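In what follows, a structure is listed as structure tokens, so that the remarks can point back to it.
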Amino acid sequence: MIWFFHACAPVREFMRWKTFNGTPNFPDQRPYFDSVKKTVVIIADNDGTEIFDLMAPYYLFSATEKANVYVVAGKKAPVIMRKGLFLLPHFSFGEFDSAGINADVIVIPNLSAMDARHQNPMIVDWIKKHYHDSTAILSVCDGALTAAATGIYDGKLLTAHASDYADMRKQYSKPLWVNNLRVTRSGNLYSTAGVSNATDGALAIIDTLFGRQTMLQVSKLIYYKSSPEQTAHKSIPVGFSDKMTIGKKVLLGKNRQIGVLLENGANELELAAVLDTYNRTFPKSLESVTLTDSSVITGYGLTLLPTTSLHKFHPDELHVLQPDKLPSKIQTLVDSSVIVRYDRQQPQYIIDACLNRIRLQYGPKYTKVVKLLLDYN
């Protein structure tokens with residue numbers, strides 16, 4: 001029983017949402033607003049928000065350099081990101097309303113409420129209040145639950161993660177639920193399949209708002225080949241045999257302690273992809289780390305806090321996305337053999353880079369399960 005308890009630690013880790021217990025020393029400053037640009041608002045839930053659902057669109061819309069991109073939450077307090085870090089929103093809902101800014105695009109990631117009964121009325125009402133005929137909405141992955149709760153998608157196309165699609169359809173019958181599509185569109189209402197398809201959803205709206213050339217330029221930055229006309233997707237839910245594969249790995253395989261280094265100037269999409277992909281390998285533990293527990297500022301201005309520091313956590317793997325900026329002090333805290341460096345010279349989409357390494361570690365069968373969990377088909 002003792003062995004079984006410890007062997008199941010990766011499953012408990014996968015289900016666990018970390019809580020923020022620190023006292024953040026964040027700068028209290030209002031983000032810059034350019035009235036000439038479009039405004040993209042990404043909803044965050046302080047109690048929990050899927051990391052790639054939020055940070056991939058944040059990076060992609062920011063990279064156009066044609067949009068004000070803000071993260072807005074119920075409270076101006078750290079948002080618990082699943083998986084592996086904390087994020088400070090630019091505005092609370094009240095602050096955004098007081099600023100008198102109109103949202104041209106609203107992005108709804110997968111939030112903490114995973115069924116119809118527990119939807120946050122503050123979030124649902126805020127989306128309804130800010131939606132107008134000219135507003136584009138992007139529902140990402142299981143953000144479809146919140147999108148459906150608003151009623152805005154009644155009679156409109158809506159999709160979600162392949163593994164959750166059937167259950168959501170039972171809870172909300174009024175949207176026109178579809179699967180086997182990466183991105184759906186009904187006028188200015190968009191939705192995506194699970195997690196990894198956040199990239200396709202954001203690029204589809206960028207193509208509409210800013211033109212094909214801008215969309216292709218942004219796609220090239222992340223080495224992603226996208227064609228908005230090609231939306232076919234294999235909606236394959238995680239099945240019993242896949243769960244058995246996970247169980248076998250968890251009970252009998254090597255479950256690593258994985259750390260991802262947070263650094264100033266980080267690429268938001270790449271950082272989220274590494275954390276989200278490796279979370280689905282069911283590691284013994286997954287932490288974002290810094291040298292001092294301090295916050296960092298990403299390339300497009302997100303304020304992030306780690307879950308721990310390298311003084312307290314001793315990883316089997318330390319993933320470093322900016323190896324050219326690796327502090328020399330880090331060598332006194334971790335052995336160089338545990339550092340996983342991401343080669344910036346290799347033109348490869350970040351999720352593919354992660355999956356290729358996971359295939360070498362755990363084999364093709366387990367890699368297939370990780371892809372299903374990401375809905376990356």
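Chain labels run A, B, ... following the order of the structure tokens; each chain numbers its residues from 1, and ligands are numbered from 1 in the order shown.
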Selection near A:Asn68, 8 Å with only C-alpha atoms, sequence-local residues under 6 positions removed, as an NGL selection string: :A and (33-34 or 37-40 or 62)
Serialized selection, all heavy atoms, as a CSV table (one decimal), in the first residue's frame:
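Saved as result_30.csv:
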```
chain,number,residue,atom,x,y,z
A,33,PHE,N,-2.3,51.8,-23.6
A,33,PHE,CA,-3.4,51.5,-24.6
A,33,PHE,C,-3.2,52.4,-25.8
A,33,PHE,O,-3.0,53.6,-25.7
A,33,PHE,CB,-4.8,51.9,-23.9
A,33,PHE,CG,-5.9,51.8,-24.9
A,33,PHE,CD1,-6.4,50.6,-25.3
A,33,PHE,CD2,-6.5,53.0,-25.3
A,33,PHE,CE1,-7.5,50.6,-26.2
A,33,PHE,CE2,-7.6,53.0,-26.2
A,33,PHE,CZ,-8.1,51.8,-26.7
A,34,ASP,N,-3.2,51.8,-27.0
A,34,ASP,CA,-3.1,52.4,-28.2
A,34,ASP,C,-4.5,52.4,-28.9
A,34,ASP,O,-4.9,51.4,-29.3
A,34,ASP,CB,-2.0,51.7,-29.1
A,34,ASP,CG,-1.7,52.5,-30.4
A,34,ASP,OD1,-2.6,53.3,-30.8
A,34,ASP,OD2,-0.7,52.3,-31.0
A,37,LYS,N,-5.0,50.7,-32.4
A,37,LYS,CA,-5.0,49.2,-32.5
A,37,LYS,C,-6.3,48.6,-32.1
A,37,LYS,O,-7.1,49.1,-31.3
A,37,LYS,CB,-3.8,48.7,-31.7
A,37,LYS,CG,-2.4,49.1,-32.1
A,37,LYS,CD,-1.4,48.5,-31.2
A,37,LYS,CE,0.0,48.8,-31.7
A,37,LYS,NZ,1.1,48.2,-30.8
A,38,LYS,N,-6.5,47.3,-32.5
A,38,LYS,CA,-7.6,46.5,-32.0
A,38,LYS,C,-7.2,46.1,-30.6
A,38,LYS,O,-6.1,46.0,-30.2
A,38,LYS,CB,-7.7,45.2,-32.9
A,38,LYS,CG,-8.1,45.5,-34.4
A,38,LYS,CD,-9.5,46.0,-34.5
A,38,LYS,CE,-9.9,46.0,-36.0
A,38,LYS,NZ,-11.3,46.5,-36.1
A,39,THR,N,-8.3,45.7,-29.8
A,39,THR,CA,-8.0,45.3,-28.5
A,39,THR,C,-8.5,43.9,-28.3
A,39,THR,O,-9.7,43.5,-28.6
A,39,THR,CB,-8.8,46.2,-27.5
A,39,THR,OG1,-8.2,47.5,-27.6
A,39,THR,CG2,-8.6,45.7,-26.0
A,40,VAL,N,-7.6,43.0,-27.8
A,40,VAL,CA,-7.9,41.6,-27.5
A,40,VAL,C,-7.9,41.4,-26.0
A,40,VAL,O,-6.9,41.7,-25.4
A,40,VAL,CB,-6.8,40.7,-28.2
A,40,VAL,CG1,-7.1,39.2,-27.9
A,40,VAL,CG2,-6.8,40.9,-29.7
A,62,SER,N,-0.2,39.3,-29.7
A,62,SER,CA,0.8,40.3,-29.5
A,62,SER,C,1.9,40.4,-30.6
A,62,SER,O,2.3,41.5,-31.0
A,62,SER,CB,1.6,40.0,-28.2
A,62,SER,OG,0.7,40.0,-27.1
```
Spatial neighbours of A:Val124, max dist 7 Å, only C-alpha atoms, sep filter under 2 positions, as a list in words: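 Once the adjacent positions are removed, what remains is Asn120, Pro121, Met122, Trp126, Ile127, Lys128, Thr146, Ala149 and Thr150 of chain A.
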Test item: residues at most 10 Å from A:Thr303, only C-alpha atoms, excluding those fewer than 6 positions along its chain, as an MDAnalysis selection string: chainID A and resid 26:27 78 86:90 264 295:297
All strand (DSSP E) positions in stretch 199-304 of chain A, as a list in words: Gln257, Ile258, Gly259, Val260, Leu261, Ser285, Leu286, Glu287, Ser288, Val289, Thr290, Val296, Ile297, Thr303 and Leu304 of chain A
Keeping only C-alpha atoms, take the residues you just selected and write them out as a CSV table (one decimal), in the first residue's frame.
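Output file again-v8.csv follows:
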```csv
chain,number,residue,atom,x,y,z
A,257,GLN,CA,10.8,15.6,-11.3
A,258,ILE,CA,10.6,18.3,-14.0
A,259,GLY,CA,11.5,21.9,-13.7
A,260,VAL,CA,11.0,24.7,-16.3
A,261,LEU,CA,13.2,27.8,-15.8
A,285,SER,CA,6.3,16.7,-10.0
A,286,LEU,CA,6.3,19.7,-12.3
A,287,GLU,CA,7.5,23.1,-11.2
A,288,SER,CA,8.3,26.4,-12.7
A,289,VAL,CA,11.5,27.7,-11.1
A,290,THR,CA,13.6,30.8,-10.8
A,296,VAL,CA,9.8,37.6,-14.3
A,297,ILE,CA,8.5,39.6,-17.3
A,303,THR,CA,4.3,39.2,-15.1
A,304,LEU,CA,4.8,35.6,-14.0
```
Any idea what's packed within 10 Å of A:Leu271, counting only C-alpha atoms, ignoring anything in its chain fewer than 5 positions away? Could you give it as a PDB file with N, CA, C and O atoms, in the first residue's frame?
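Written out: part_22.pdb:
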```pdb
ATOM      1  N   ILE A  51      -3.050  26.851 -19.154  1.00  0.00           N
ATOM      2  CA  ILE A  51      -1.935  27.720 -19.491  1.00  0.00           C
ATOM      3  C   ILE A  51      -1.777  27.951 -20.995  1.00  0.00           C
ATOM      4  O   ILE A  51      -1.620  29.087 -21.450  1.00  0.00           O
ATOM      5  N   PHE A  52      -1.832  26.881 -21.816  1.00  0.00           N
ATOM      6  CA  PHE A  52      -1.635  27.074 -23.259  1.00  0.00           C
ATOM      7  C   PHE A  52      -2.831  27.782 -23.882  1.00  0.00           C
ATOM      8  O   PHE A  52      -2.680  28.583 -24.808  1.00  0.00           O
ATOM      9  N   MET A  55      -1.909  31.523 -22.924  1.00  0.00           N
ATOM     10  CA  MET A  55      -0.632  32.127 -23.304  1.00  0.00           C
ATOM     11  C   MET A  55      -0.308  31.998 -24.782  1.00  0.00           C
ATOM     12  O   MET A  55       0.403  32.838 -25.339  1.00  0.00           O
ATOM     13  N   ALA A  56      -0.825  30.966 -25.453  1.00  0.00           N
ATOM     14  CA  ALA A  56      -0.588  30.869 -26.902  1.00  0.00           C
ATOM     15  C   ALA A  56      -1.296  32.006 -27.646  1.00  0.00           C
ATOM     16  O   ALA A  56      -0.666  32.726 -28.435  1.00  0.00           O
ATOM     17  N   VAL A 260      10.928  23.800 -15.089  1.00  0.00           N
ATOM     18  CA  VAL A 260      11.032  24.671 -16.269  1.00  0.00           C
ATOM     19  C   VAL A 260      11.471  26.041 -15.774  1.00  0.00           C
ATOM     20  O   VAL A 260      10.815  26.636 -14.905  1.00  0.00           O
ATOM     21  N   LEU A 261      12.592  26.522 -16.280  1.00  0.00           N
ATOM     22  CA  LEU A 261      13.169  27.773 -15.805  1.00  0.00           C
ATOM     23  C   LEU A 261      12.408  28.966 -16.382  1.00  0.00           C
ATOM     24  O   LEU A 261      12.224  29.074 -17.597  1.00  0.00           O
ATOM     25  N   LEU A 262      11.952  29.860 -15.490  1.00  0.00           N
ATOM     26  CA  LEU A 262      11.332  31.112 -15.927  1.00  0.00           C
ATOM     27  C   LEU A 262      12.411  32.169 -16.070  1.00  0.00           C
ATOM     28  O   LEU A 262      13.196  32.386 -15.150  1.00  0.00           O
ATOM     29  N   GLU A 263      12.427  32.824 -17.222  1.00  0.00           N
ATOM     30  CA  GLU A 263      13.427  33.857 -17.490  1.00  0.00           C
ATOM     31  C   GLU A 263      12.757  35.083 -18.090  1.00  0.00           C
ATOM     32  O   GLU A 263      11.756  34.975 -18.803  1.00  0.00           O
ATOM     33  N   ALA A 266      10.881  35.657 -21.862  1.00  0.00           N
ATOM     34  CA  ALA A 266      10.441  34.348 -22.357  1.00  0.00           C
ATOM     35  C   ALA A 266       9.359  34.482 -23.410  1.00  0.00           C
ATOM     36  O   ALA A 266       8.528  35.388 -23.364  1.00  0.00           O
ATOM     37  N   ASP A 276       2.703  22.557 -20.494  1.00  0.00           N
ATOM     38  CA  ASP A 276       1.467  21.817 -20.750  1.00  0.00           C
ATOM     39  C   ASP A 276       1.747  20.429 -21.319  1.00  0.00           C
ATOM     40  O   ASP A 276       1.072  19.454 -20.979  1.00  0.00           O
ATOM     41  N   SER A 288       7.616  25.327 -12.098  1.00  0.00           N
ATOM     42  CA  SER A 288       8.339  26.428 -12.737  1.00  0.00           C
ATOM     43  C   SER A 288       9.262  27.005 -11.680  1.00  0.00           C
ATOM     44  O   SER A 288       8.884  27.112 -10.510  1.00  0.00           O
ATOM     45  N   THR A 298       7.739  38.450 -19.247  1.00  0.00           N
ATOM     46  CA  THR A 298       7.906  37.751 -20.525  1.00  0.00           C
ATOM     47  C   THR A 298       8.173  38.741 -21.656  1.00  0.00           C
ATOM     48  O   THR A 298       8.130  39.961 -21.470  1.00  0.00           O
ATOM     49  N   HIS A 319      14.274  22.269 -17.843  1.00  0.00           N
ATOM     50  CA  HIS A 319      14.077  22.724 -19.221  1.00  0.00           C
ATOM     51  C   HIS A 319      14.376  24.220 -19.313  1.00  0.00           C
ATOM     52  O   HIS A 319      13.802  25.024 -18.570  1.00  0.00           O
ATOM     53  N   VAL A 320      15.248  24.563 -20.252  1.00  0.00           N
ATOM     54  CA  VAL A 320      15.700  25.944 -20.419  1.00  0.00           C
ATOM     55  C   VAL A 320      15.426  26.378 -21.852  1.00  0.00           C
ATOM     56  O   VAL A 320      16.005  25.846 -22.801  1.00  0.00           O
ATOM     57  N   LEU A 321      14.516  27.343 -21.995  1.00  0.00           N
ATOM     58  CA  LEU A 321      14.105  27.785 -23.320  1.00  0.00           C
ATOM     59  C   LEU A 321      15.030  28.854 -23.901  1.00  0.00           C
ATOM     60  O   LEU A 321      15.001  29.102 -25.109  1.00  0.00           O
ATOM     61  N   ILE A 350       7.254  24.121 -31.295  1.00  0.00           N
ATOM     62  CA  ILE A 350       7.664  23.729 -29.955  1.00  0.00           C
ATOM     63  C   ILE A 350       6.974  22.445 -29.475  1.00  0.00           C
ATOM     64  O   ILE A 350       7.602  21.613 -28.806  1.00  0.00           O
TER      65      ILE A 350
END
```
Spatial neighbours of stretch 221-237 of chain A, 8 Å, only C-alpha atoms, chain gap at least 4 places, as number ranges by chain: A: 161-164, 179-184, 193, 200, 203-204, 207, 216-217, 347-350, 372, 375, 377
Proximity to A:Ile80 - best of A:Gly151, A:Gly247, A:Pro306, A:Pro175, only C-alpha atoms: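 Between A:Gly151, A:Gly247, A:Pro306, A:Pro175, the residue approaching A:Ile80 most closely is A:Pro306.
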DSSP-assigned alpha helix (DSSP H) members of stretch 114-339 of chain A, reported as a ChimeraX atom specification: /A:121-130,144-150,165-171,198-210,212-221,240-252,268-279
Contact residues around stretch 97-112 of chain A with only C-alpha atoms at 6 Å, ignoring same-chain residues under 4 positions, as a ChimeraX atom specification: /A:39-43,45,48-50,53-54,135-140,142-143
Next, the residues of the selection above should be written as a short mmCIF file (atom, residue, chain, number, x, y, z; two decimals), in the first residue's frame with all heavy atoms.
```cif
data_model
loop_
_atom_site.label_atom_id
_atom_site.label_comp_id
_atom_site.auth_asym_id
_atom_site.auth_seq_id
_atom_site.Cartn_x
_atom_site.Cartn_y
_atom_site.Cartn_z
N THR A 39 -8.25 45.73 -29.84
CA THR A 39 -8.04 45.30 -28.45
C THR A 39 -8.51 43.87 -28.26
O THR A 39 -9.66 43.55 -28.56
CB THR A 39 -8.76 46.22 -27.46
OG1 THR A 39 -8.19 47.54 -27.56
CG2 THR A 39 -8.62 45.71 -26.04
N VAL A 40 -7.59 43.03 -27.80
CA VAL A 40 -7.87 41.62 -27.53
C VAL A 40 -7.86 41.41 -26.02
O VAL A 40 -6.87 41.74 -25.36
CB VAL A 40 -6.83 40.70 -28.20
CG1 VAL A 40 -7.11 39.23 -27.85
CG2 VAL A 40 -6.80 40.91 -29.71
N VAL A 41 -8.95 40.89 -25.49
CA VAL A 41 -9.05 40.60 -24.06
C VAL A 41 -9.09 39.10 -23.87
O VAL A 41 -9.91 38.40 -24.48
CB VAL A 41 -10.32 41.24 -23.45
CG1 VAL A 41 -10.52 40.76 -22.02
CG2 VAL A 41 -10.21 42.75 -23.49
N ILE A 42 -8.19 38.59 -23.04
CA ILE A 42 -8.16 37.17 -22.73
C ILE A 42 -8.65 36.99 -21.30
O ILE A 42 -8.08 37.55 -20.36
CB ILE A 42 -6.75 36.58 -22.90
CG1 ILE A 42 -6.24 36.86 -24.32
CG2 ILE A 42 -6.76 35.08 -22.61
CD1 ILE A 42 -4.84 36.36 -24.59
N ILE A 43 -9.73 36.24 -21.15
CA ILE A 43 -10.32 36.02 -19.83
C ILE A 43 -9.43 35.09 -19.01
O ILE A 43 -8.92 34.09 -19.52
CB ILE A 43 -11.72 35.38 -19.96
CG1 ILE A 43 -12.64 36.26 -20.81
CG2 ILE A 43 -12.32 35.10 -18.59
CD1 ILE A 43 -12.98 37.58 -20.18
N ASP A 45 -9.31 33.15 -15.01
CA ASP A 45 -10.01 32.81 -13.77
C ASP A 45 -8.95 32.69 -12.68
O ASP A 45 -8.04 31.86 -12.80
CB ASP A 45 -10.74 31.48 -13.97
CG ASP A 45 -11.55 31.04 -12.75
OD1 ASP A 45 -11.34 31.61 -11.67
OD2 ASP A 45 -12.36 30.10 -12.90
N GLY A 48 -8.10 29.24 -11.48
CA GLY A 48 -7.50 28.25 -12.36
C GLY A 48 -7.80 28.50 -13.82
O GLY A 48 -8.95 28.69 -14.20
N THR A 49 -6.74 28.53 -14.65
CA THR A 49 -6.88 28.75 -16.10
C THR A 49 -5.87 27.88 -16.81
O THR A 49 -4.71 27.77 -16.38
CB THR A 49 -6.63 30.23 -16.46
OG1 THR A 49 -7.53 31.06 -15.70
CG2 THR A 49 -6.84 30.49 -17.93
N GLU A 50 -6.29 27.23 -17.90
CA GLU A 50 -5.39 26.39 -18.69
C GLU A 50 -4.31 27.26 -19.32
O GLU A 50 -4.61 28.26 -19.98
CB GLU A 50 -6.17 25.66 -19.77
CG GLU A 50 -5.35 24.77 -20.66
CD GLU A 50 -4.85 23.52 -19.97
OE1 GLU A 50 -5.56 23.00 -19.07
OE2 GLU A 50 -3.75 23.05 -20.32
N ASP A 53 -4.03 27.51 -23.36
CA ASP A 53 -5.24 28.18 -23.85
C ASP A 53 -5.12 29.69 -23.76
O ASP A 53 -5.66 30.42 -24.60
CB ASP A 53 -6.46 27.77 -23.02
CG ASP A 53 -6.87 26.32 -23.23
OD1 ASP A 53 -6.12 25.58 -23.89
OD2 ASP A 53 -7.94 25.94 -22.72
N LEU A 54 -4.45 30.17 -22.72
CA LEU A 54 -4.31 31.62 -22.50
C LEU A 54 -3.05 32.17 -23.16
O LEU A 54 -3.09 33.17 -23.89
CB LEU A 54 -4.29 31.93 -21.01
CG LEU A 54 -4.24 33.41 -20.61
CD1 LEU A 54 -4.93 33.64 -19.26
CD2 LEU A 54 -2.81 33.95 -20.52
N THR A 135 -18.05 42.21 -32.06
CA THR A 135 -17.04 41.58 -31.23
C THR A 135 -16.79 40.15 -31.68
O THR A 135 -17.74 39.37 -31.84
CB THR A 135 -17.47 41.55 -29.75
OG1 THR A 135 -17.96 42.83 -29.37
CG2 THR A 135 -16.30 41.14 -28.85
N ALA A 136 -15.53 39.78 -31.87
CA ALA A 136 -15.18 38.39 -32.15
C ALA A 136 -14.94 37.68 -30.82
O ALA A 136 -14.34 38.25 -29.91
CB ALA A 136 -13.94 38.31 -33.02
N ILE A 137 -15.43 36.46 -30.71
CA ILE A 137 -15.17 35.64 -29.53
C ILE A 137 -14.48 34.36 -29.97
O ILE A 137 -14.87 33.73 -30.95
CB ILE A 137 -16.46 35.30 -28.75
CG1 ILE A 137 -17.11 36.56 -28.19
CG2 ILE A 137 -16.17 34.32 -27.62
CD1 ILE A 137 -18.32 36.30 -27.31
N LEU A 138 -13.45 33.98 -29.23
CA LEU A 138 -12.75 32.72 -29.47
C LEU A 138 -12.86 31.85 -28.22
O LEU A 138 -12.29 32.17 -27.17
CB LEU A 138 -11.27 32.98 -29.80
CG LEU A 138 -10.38 31.74 -29.91
CD1 LEU A 138 -10.84 30.84 -31.05
CD2 LEU A 138 -8.91 32.13 -30.09
N SER A 139 -13.59 30.77 -28.32
CA SER A 139 -13.66 29.77 -27.26
C SER A 139 -12.58 28.74 -27.52
O SER A 139 -12.52 28.15 -28.60
CB SER A 139 -15.05 29.11 -27.26
OG SER A 139 -15.04 27.92 -26.50
N VAL A 140 -11.70 28.54 -26.53
CA VAL A 140 -10.57 27.62 -26.69
C VAL A 140 -10.79 26.38 -25.84
O VAL A 140 -11.04 26.48 -24.63
CB VAL A 140 -9.24 28.29 -26.30
CG1 VAL A 140 -8.09 27.30 -26.44
CG2 VAL A 140 -8.99 29.53 -27.15
N ASP A 142 -11.90 23.56 -23.60
CA ASP A 142 -13.08 23.44 -22.74
C ASP A 142 -13.56 24.78 -22.20
O ASP A 142 -14.46 24.82 -21.35
CB ASP A 142 -12.78 22.47 -21.60
CG ASP A 142 -12.68 21.03 -22.10
OD1 ASP A 142 -12.93 20.81 -23.30
OD2 ASP A 142 -12.35 20.14 -21.31
N GLY A 143 -13.00 25.86 -22.73
CA GLY A 143 -13.62 27.16 -22.54
C GLY A 143 -15.00 27.17 -23.16
O GLY A 143 -15.82 28.06 -22.90
#
```
Within 12 Å of A:Asn356, counting only C-alpha atoms, which residues qualify if same-chain residues fewer than 3 places away don't, as a short mmCIF file (atom, residue, chain, number, x, y, z; two decimals) with all heavy atoms, in the first residue's frame?
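Heads up, here's the output in result.cif:
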```
data_model
loop_
_atom_site.label_atom_id
_atom_site.label_comp_id
_atom_site.auth_asym_id
_atom_site.auth_seq_id
_atom_site.Cartn_x
_atom_site.Cartn_y
_atom_site.Cartn_z
N THR A 277 2.74 20.32 -22.20
CA THR A 277 3.05 19.02 -22.80
C THR A 277 3.65 18.07 -21.76
O THR A 277 3.24 16.91 -21.65
CB THR A 277 4.01 19.18 -23.99
OG1 THR A 277 3.42 20.06 -24.95
CG2 THR A 277 4.27 17.84 -24.66
N TYR A 278 4.60 18.56 -20.99
CA TYR A 278 5.25 17.68 -20.01
C TYR A 278 4.34 17.36 -18.83
O TYR A 278 4.50 16.33 -18.18
CB TYR A 278 6.59 18.26 -19.57
CG TYR A 278 7.69 17.83 -20.50
CD1 TYR A 278 8.02 18.60 -21.62
CD2 TYR A 278 8.36 16.63 -20.32
CE1 TYR A 278 8.99 18.19 -22.51
CE2 TYR A 278 9.33 16.21 -21.20
CZ TYR A 278 9.64 16.98 -22.29
OH TYR A 278 10.59 16.55 -23.19
N GLN A 348 11.62 24.32 -35.64
CA GLN A 348 10.64 23.30 -35.28
C GLN A 348 9.60 23.88 -34.33
O GLN A 348 9.94 24.59 -33.37
CB GLN A 348 11.35 22.11 -34.62
CG GLN A 348 10.45 20.89 -34.44
CD GLN A 348 11.23 19.70 -33.93
OE1 GLN A 348 12.19 19.84 -33.19
NE2 GLN A 348 10.83 18.51 -34.33
N TYR A 349 8.34 23.56 -34.59
CA TYR A 349 7.25 23.97 -33.71
C TYR A 349 7.48 23.35 -32.34
O TYR A 349 7.83 22.18 -32.22
CB TYR A 349 5.92 23.53 -34.31
CG TYR A 349 4.70 23.95 -33.54
CD1 TYR A 349 4.50 25.27 -33.16
CD2 TYR A 349 3.70 23.03 -33.22
CE1 TYR A 349 3.36 25.67 -32.47
CE2 TYR A 349 2.56 23.41 -32.54
CZ TYR A 349 2.39 24.72 -32.16
OH TYR A 349 1.26 25.10 -31.48
N ILE A 350 7.25 24.12 -31.29
CA ILE A 350 7.66 23.73 -29.95
C ILE A 350 6.97 22.45 -29.48
O ILE A 350 7.60 21.61 -28.81
CB ILE A 350 7.43 24.90 -28.96
CG1 ILE A 350 7.99 24.56 -27.58
CG2 ILE A 350 5.97 25.28 -28.91
CD1 ILE A 350 9.49 24.42 -27.53
N ILE A 351 5.70 22.25 -29.79
CA ILE A 351 5.02 21.03 -29.35
C ILE A 351 5.64 19.81 -30.03
O ILE A 351 5.83 18.76 -29.41
CB ILE A 351 3.51 21.10 -29.61
CG1 ILE A 351 2.87 22.15 -28.68
CG2 ILE A 351 2.85 19.74 -29.40
CD1 ILE A 351 1.37 22.30 -28.84
N ASP A 352 6.01 19.94 -31.31
CA ASP A 352 6.68 18.84 -32.00
C ASP A 352 8.03 18.53 -31.36
O ASP A 352 8.41 17.36 -31.23
CB ASP A 352 6.88 19.19 -33.48
CG ASP A 352 5.57 19.21 -34.25
OD1 ASP A 352 4.63 18.49 -33.84
OD2 ASP A 352 5.47 19.96 -35.24
N ALA A 353 8.76 19.57 -30.97
CA ALA A 353 10.06 19.36 -30.32
C ALA A 353 9.89 18.59 -29.01
O ALA A 353 10.65 17.66 -28.72
CB ALA A 353 10.74 20.70 -30.06
N ARG A 359 9.05 10.92 -27.19
CA ARG A 359 9.08 9.64 -27.91
C ARG A 359 10.37 8.88 -27.59
O ARG A 359 10.36 7.65 -27.41
CB ARG A 359 8.97 9.90 -29.41
CG ARG A 359 8.85 8.63 -30.24
CD ARG A 359 8.65 8.95 -31.72
NE ARG A 359 7.35 9.56 -31.95
CZ ARG A 359 7.15 10.83 -32.23
NH1 ARG A 359 8.18 11.66 -32.31
NH2 ARG A 359 5.93 11.30 -32.44
N LEU A 360 11.47 9.59 -27.49
CA LEU A 360 12.75 8.95 -27.14
C LEU A 360 12.74 8.46 -25.69
O LEU A 360 13.36 7.44 -25.37
CB LEU A 360 13.90 9.93 -27.37
CG LEU A 360 14.17 10.36 -28.82
CD1 LEU A 360 15.24 11.44 -28.87
CD2 LEU A 360 14.59 9.15 -29.65
N GLN A 361 12.04 9.19 -24.82
CA GLN A 361 12.02 8.83 -23.40
C GLN A 361 11.07 7.68 -23.11
O GLN A 361 11.40 6.77 -22.34
CB GLN A 361 11.60 10.04 -22.56
CG GLN A 361 12.61 11.17 -22.49
CD GLN A 361 12.08 12.35 -21.70
OE1 GLN A 361 11.09 12.96 -22.09
NE2 GLN A 361 12.72 12.66 -20.61
N TYR A 362 9.87 7.74 -23.69
CA TYR A 362 8.80 6.82 -23.28
C TYR A 362 8.27 5.94 -24.41
O TYR A 362 7.43 5.07 -24.16
CB TYR A 362 7.63 7.62 -22.69
CG TYR A 362 8.03 8.48 -21.51
CD1 TYR A 362 8.02 9.87 -21.60
CD2 TYR A 362 8.40 7.91 -20.30
CE1 TYR A 362 8.37 10.66 -20.52
CE2 TYR A 362 8.76 8.69 -19.21
CZ TYR A 362 8.74 10.06 -19.34
OH TYR A 362 9.10 10.84 -18.26
N GLY A 363 8.71 6.16 -25.64
CA GLY A 363 8.27 5.33 -26.75
C GLY A 363 7.07 5.91 -27.48
O GLY A 363 6.37 6.79 -26.98
N PRO A 364 6.79 5.40 -28.69
CA PRO A 364 5.71 5.96 -29.52
C PRO A 364 4.31 5.74 -28.95
O PRO A 364 3.43 6.57 -29.16
CB PRO A 364 5.89 5.21 -30.85
CG PRO A 364 6.69 3.99 -30.53
CD PRO A 364 7.57 4.37 -29.38
N TYR A 366 3.29 5.73 -25.79
CA TYR A 366 2.97 6.73 -24.77
C TYR A 366 2.89 8.12 -25.38
O TYR A 366 2.08 8.95 -24.94
CB TYR A 366 3.99 6.70 -23.63
CG TYR A 366 3.49 7.46 -22.43
CD1 TYR A 366 2.58 6.87 -21.56
CD2 TYR A 366 3.88 8.78 -22.19
CE1 TYR A 366 2.08 7.57 -20.47
CE2 TYR A 366 3.38 9.48 -21.12
CZ TYR A 366 2.49 8.87 -20.26
OH TYR A 366 1.98 9.57 -19.20
N THR A 367 3.71 8.38 -26.38
CA THR A 367 3.66 9.68 -27.06
C THR A 367 2.28 9.90 -27.68
O THR A 367 1.75 11.02 -27.67
CB THR A 367 4.75 9.76 -28.14
OG1 THR A 367 6.02 9.50 -27.53
CG2 THR A 367 4.79 11.14 -28.78
N LYS A 368 1.69 8.83 -28.22
CA LYS A 368 0.35 8.93 -28.79
C LYS A 368 -0.66 9.36 -27.73
O LYS A 368 -1.55 10.19 -28.00
CB LYS A 368 -0.07 7.58 -29.38
CG LYS A 368 -1.53 7.47 -29.79
CD LYS A 368 -1.85 6.07 -30.30
CE LYS A 368 -3.35 5.88 -30.49
NZ LYS A 368 -4.07 5.72 -29.21
N VAL A 370 -0.01 11.20 -25.05
CA VAL A 370 0.24 12.62 -24.78
C VAL A 370 -0.42 13.47 -25.85
O VAL A 370 -1.04 14.50 -25.55
CB VAL A 370 1.76 12.90 -24.70
CG1 VAL A 370 2.02 14.41 -24.53
CG2 VAL A 370 2.40 12.13 -23.54
N LYS A 371 -0.34 13.05 -27.10
CA LYS A 371 -0.98 13.79 -28.20
C LYS A 371 -2.49 13.83 -28.02
O LYS A 371 -3.12 14.87 -28.25
CB LYS A 371 -0.63 13.16 -29.55
CG LYS A 371 0.82 13.35 -29.98
CD LYS A 371 1.09 12.75 -31.33
CE LYS A 371 0.40 13.52 -32.43
NZ LYS A 371 0.75 13.02 -33.78
#
```
A:Ser92, A:Ser241, A:Thr281, A:Thr307 ranked by distance to A:Arg256, top pick (using only C-alpha atoms):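 Nearest candidate to A:Arg256 out of A:Ser92, A:Ser241, A:Thr281, A:Thr307: A:Thr281.
The interatomic distance for the pair atom CA of A:Asn188 and atom CA of A:Tyr165 works out to 21.6 Å.
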